[in-house]
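A.B. asks: Here you go, one structure.
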Amino acid sequence: MAFTDEDLMIRALEIAYEGMRAGRGGPFGSVIARDGIIIGEGSNEVTSANDPTAHAEIVAIRNACRALGSFRLEGCRIYTSCEPCPMCLGAIYWARPEKFFFAGTREDAAEAGFDDEDIYEELALPVSGRRLPAESMLRDRALALFREWIEMPDKITY
């Protein structure tokens with residue numbers, strides 16, 4: 001049975017409640033569907049997995065990609081209980097779904113203590129102006145690596 005967009009968002013919110021109440025992590029849930037059929041789900045597992053990347057969207061993307069046997073989610077829709085943070089938004093773009101939906105906004109999350117605004121602001125700055133020091137080194141070796149990648153005839157592009 002195919003679910004509607006609203007049904008799938010309700011499921012994402014249910015997953016958020018379930019994960020939060022079970023102590024797996026923060027109040028976030030995500031569902032990935034193709035043609036209204038769920039192919040991946042995930043709740044936030046940051047604190048239970050001791051993994052800062054285990055956000056609901058990332059967990060759901062990993063599960064959906066595993067189920068599909070693909071690193072792309074073309075033709076899929078992603079439903080999240082909250083507007084994605086910069087990391088999750090990047091992962092969503094890399095997964096290439098056809099569309100994503102969110103319930104709460106990043107401002108709502110900030111009011112609950114999940115403020116990603118500083119990360120959004122940092123990303124808008126040049127690397128040299130960010131509060132986390134970063135320094136490029138051995139660029140010539142990185143360029144050699146990229147040259148070899150460019151020349152690989154049997155690579156799988158993404």
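Residue numbering restarts at 1 in every chain; chains get A, B, ... in the order shown in the structure tokens, and ligands count up from 1 in that same order.
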Enumerate, as a PyMOL selection string, the complete set of residues in chain A that a backbone-based DSSP assignment places in strand (DSSP E or B).

C.D. replies: chain A and resi 29-34+37-43+76-82+99-104

A.B. asks: Per residue of range 77-145 of chain A within 8 Å of range 30-34 of chain A, what are the shortest atom pair and its distance in Å to one decimal, counting only C-alpha atoms, with rows by chain and residue number, as JSON lines?

C.D. replies:
{"residue": "A:Arg77", "atom": "CA", "partner": "A:Ala33", "partner_atom": "CA", "distance": 5.4}
{"residue": "A:Ile78", "atom": "CA", "partner": "A:Ile32", "partner_atom": "CA", "distance": 4.5}
{"residue": "A:Tyr79", "atom": "CA", "partner": "A:Val31", "partner_atom": "CA", "distance": 5.1}
{"residue": "A:Thr80", "atom": "CA", "partner": "A:Ser30", "partner_atom": "CA", "distance": 4.3}
{"residue": "A:Ser81", "atom": "CA", "partner": "A:Ser30", "partner_atom": "CA", "distance": 6.3}

A.B. asks: Would you list the contacts of range 82-93 of chain A as an mmCIF file with N, CA and C atoms, in the first residue's frame, taking every protein, DNA or RNA residue within 6 Å and counting only C-alpha atoms, but skipping same-chain residues closer than 4 positions in sequence?

C.D. replies:
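Result saved to result-v5.cif:
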data_model
loop_
_atom_site.group_PDB
_atom_site.id
_atom_site.type_symbol
_atom_site.label_atom_id
_atom_site.label_comp_id
_atom_site.auth_asym_id
_atom_site.auth_seq_id
_atom_site.Cartn_x
_atom_site.Cartn_y
_atom_site.Cartn_z
ATOM 1 N N PHE A 102 10.041 18.704 5.426
ATOM 2 C CA PHE A 102 10.359 18.783 6.856
ATOM 3 C C PHE A 102 9.181 19.370 7.602
ATOM 4 N N ALA A 103 9.068 19.001 8.873
ATOM 5 C CA ALA A 103 7.973 19.499 9.714
ATOM 6 C C ALA A 103 8.440 20.748 10.459
ATOM 7 N N GLY A 104 9.193 20.583 11.551
ATOM 8 C CA GLY A 104 9.696 21.729 12.300
ATOM 9 C C GLY A 104 10.777 22.466 11.542
ATOM 10 N N THR A 105 10.979 23.720 11.898
ATOM 11 C CA THR A 105 12.012 24.526 11.253
ATOM 12 C C THR A 105 13.285 24.530 12.095
ATOM 13 N N ARG A 106 14.360 25.038 11.513
ATOM 14 C CA ARG A 106 15.603 25.130 12.278
ATOM 15 C C ARG A 106 15.474 26.112 13.428
#

A.B. asks: Choose the residue, out of A:Ile119, A:Pro27, A:Val46, A:Asp5, that has the smallest atom-to-atom separation from Lys99 in chain A; count only C-alpha atoms.

C.D. replies: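 The answer is A:Asp5, which sits nearest to Lys99 in chain A.
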
A.B. asks: In Å to one decimal, how far is CA of Tyr158 in chain A from CA of Phe71 in chain A?

C.D. replies: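 If I compute the distance from CA of Phe71 in chain A to CA of Tyr158 in chain A, I get 8.3 Å.
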
A.B. asks: Of the candidates A:Glu57, A:Cys65, A:Arg130, A:Arg147, which shows the shortest atom-to-atom distance to Asp118 in chain A, using only C-alpha atoms?

C.D. replies: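 Smallest separation from Asp118 in chain A among the options: A:Arg130.
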
A.B. asks: Residues of range 1-68 of chain A in helix (DSSP H, G or I) according to DSSP, as a PyMOL selection string?

C.D. replies: chain A and resi 5-21+46-49+56-68

A.B. asks: Could you check the closest approach to Ala67 in chain A for each of A:Ile38, A:Ala112, A:Ala134, A:Ala12 and tell me which residue wins, using only C-alpha atoms?

C.D. replies: A:Ile38
